[in-house]
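One structure below.
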Amino acid sequence: MIDMLVRLYDLPDSRELYEKVEAQGIVLRRARAFELHTVREFVVANFSPKWVSEVEVAMSRQPIACFIATKDSKVIGFACCDTTSRGFFGPTGVSEDARGSGVGKALLFKALEGLRELGYAYGIIGGVGPREFYEKACGAIEIPGSDPGTYTDLLP
């Protein structure tokens, strides 16, 4: 799977996207250290064990590099950055019942903006699955020769 490059200094305006998500009663924010167990439980229940490890790294960064979406005080999605490698976006995931609500795209922008706030001019989306989504959402472009990129010699 390829890696993609995003110009963080030229991200589209995210205000309307955030307003759309918030109008559904969804809160978007940076996770807090004392919520690690809750975010971890969400990832354990819905996603890969490798993602659990990455969430733990993101939660150990200062500032915390994990953004969450909550509804009715429950985690419904997360996005990490600066985790697998510096300047990388991911992993990210949204609960099945929240997919299609715009929360995944909103979390993408929270994390990319988080990288920009750290001083990065470019961000990397590693091991991309939905390539067209990232092209359309944030203008990401393929990094030639990036497959498998940093994802080599993976342990189980």
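Numbering starts fresh at 1 for the residues of each chain in the structure tokens, the chains themselves are lettered A, B, ... in the order given, and ligands are numbered from 1 as they appear.
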
As a PyMOL selection string, please: the residues near Lys74 of chain A (cut-off 10 Å, only C-alpha atoms, same-chain neighbours under 3 positions excluded). chain A and resi 26-27+38-39+42+68-71+77

Run DSSP on the backbone of this structure and report the residues of segment 35-147 of chain A it assigns to alpha helix (DSSP H), as a count of residues only. 46

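Closest to Cys81 of chain A among A:Lys105, A:Arg40, A:Lys110, A:Arg32 is A:Lys110, based on only C-alpha atoms.
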
Between A:Asp3, A:Asp147, A:Glu96, A:Glu54, which residue has the minimum interatomic distance to Ile76 of chain A, considering only C-alpha atoms? A:Glu96

If we count only C-alpha atoms, what is near Val94 of chain A at a cut-off of 9 Å, once residues fewer than 2 positions away on the same chain are taken out, given as a compact mmCIF listing (two decimals) with N, CA and C atoms, in the first residue's frame?
# COMPACT_ATOMS: atom_id res chain seq x y z
N ASN A 46 -12.83 -2.60 18.38
CA ASN A 46 -13.22 -2.33 16.99
C ASN A 46 -12.13 -2.48 15.94
N ALA A 69 -13.57 11.49 18.60
CA ALA A 69 -14.93 11.96 18.38
C ALA A 69 -15.78 11.24 19.41
N VAL A 75 -16.85 7.18 23.03
CA VAL A 75 -15.95 7.32 21.89
C VAL A 75 -16.58 6.64 20.68
N ILE A 76 -16.61 7.38 19.55
CA ILE A 76 -17.13 6.80 18.30
C ILE A 76 -16.08 6.83 17.19
N GLY A 77 -14.93 7.46 17.46
CA GLY A 77 -13.87 7.49 16.46
C GLY A 77 -12.61 8.08 17.04
N PHE A 78 -11.49 7.81 16.34
CA PHE A 78 -10.21 8.35 16.78
C PHE A 78 -9.32 8.55 15.56
N ALA A 79 -8.34 9.40 15.71
CA ALA A 79 -7.30 9.60 14.69
C ALA A 79 -6.02 9.99 15.39
N THR A 92 -6.44 5.60 12.12
CA THR A 92 -7.71 6.26 12.37
C THR A 92 -8.85 5.27 12.17
N GLU A 96 -18.71 1.50 13.32
CA GLU A 96 -19.55 1.21 12.15
C GLU A 96 -20.80 2.07 12.10
N ASP A 97 -21.44 2.29 13.24
CA ASP A 97 -22.69 3.05 13.24
C ASP A 97 -22.49 4.55 13.02
N ALA A 98 -21.25 5.03 13.09
CA ALA A 98 -20.98 6.46 12.86
C ALA A 98 -20.41 6.73 11.48
N ARG A 99 -20.16 5.68 10.72
CA ARG A 99 -19.60 5.86 9.37
C ARG A 99 -20.62 6.54 8.47
N VAL A 103 -17.63 12.13 10.36
CA VAL A 103 -16.72 12.15 11.50
C VAL A 103 -15.32 11.69 11.13
N GLY A 104 -15.20 10.73 10.21
CA GLY A 104 -13.88 10.27 9.79
C GLY A 104 -13.08 11.38 9.12

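Proximity ranking of A:Phe133, A:Tyr122, A:Phe47, A:Phe34 relative to Asp82 of chain A places A:Tyr122 first, based on only C-alpha atoms.
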
When distances are computed from only C-alpha atoms, which of A:Gly145, A:Pro49, A:Tyr134, A:Leu112 shows the smallest separation from Asp13 of chain A? A:Leu112

Excluding same-chain residues fewer than 3 positions from Leu115 of chain A, what lies within 10 Å of it counting only C-alpha atoms, as an NGL selection string? :A and (8 or 65 or 80-82 or 86-89 or 109-112 or 118-124)

Next, dump the selected residues to file, keeping only C-alpha atoms, as a PDB file, in the first residue's frame.
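Saved result, selection-v1.pdb, follows:
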ATOM      1  CA  LEU A   8      -0.314  20.970   5.567  1.00  0.00           C
ATOM      2  CA  ALA A  65      -1.344  13.132  19.303  1.00  0.00           C
ATOM      3  CA  CYS A  80      -3.624   9.637  15.591  1.00  0.00           C
ATOM      4  CA  CYS A  81      -0.648  11.450  14.155  1.00  0.00           C
ATOM      5  CA  ASP A  82       3.098  11.527  14.718  1.00  0.00           C
ATOM      6  CA  ARG A  86       7.231  11.449  12.836  1.00  0.00           C
ATOM      7  CA  GLY A  87       4.947  13.466  10.578  1.00  0.00           C
ATOM      8  CA  PHE A  88       2.676  10.510   9.792  1.00  0.00           C
ATOM      9  CA  PHE A  89      -1.116  10.508  10.011  1.00  0.00           C
ATOM     10  CA  PHE A 109      -8.493  17.231   9.533  1.00  0.00           C
ATOM     11  CA  LYS A 110      -8.049  17.467  13.315  1.00  0.00           C
ATOM     12  CA  ALA A 111      -4.978  15.224  13.075  1.00  0.00           C
ATOM     13  CA  LEU A 112      -3.531  16.976  10.008  1.00  0.00           C
ATOM     14  CA  LEU A 118       3.675  21.004  15.569  1.00  0.00           C
ATOM     15  CA  GLY A 119       5.468  22.819  12.761  1.00  0.00           C
ATOM     16  CA  TYR A 120       5.294  20.286   9.946  1.00  0.00           C
ATOM     17  CA  ALA A 121       4.845  21.692   6.436  1.00  0.00           C
ATOM     18  CA  TYR A 122       3.955  18.273   5.017  1.00  0.00           C
ATOM     19  CA  GLY A 123       2.244  15.227   6.458  1.00  0.00           C
ATOM     20  CA  ILE A 124       2.401  11.629   5.306  1.00  0.00           C
TER      21      ILE A 124
END

Which of chain A fall in strand (DSSP E), as a count of residues only: 36

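The closest residue to Ser73 of chain A, picked from A:Leu28, A:Leu154, A:Ala45, A:Leu108 and counting only C-alpha atoms, is A:Leu28.
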
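For the choices A:Gly114, A:Gly139, A:Pro148, A:Gly127, the atom-to-atom distance to Pro63 of chain A is smallest for A:Gly114 when using only C-alpha atoms.
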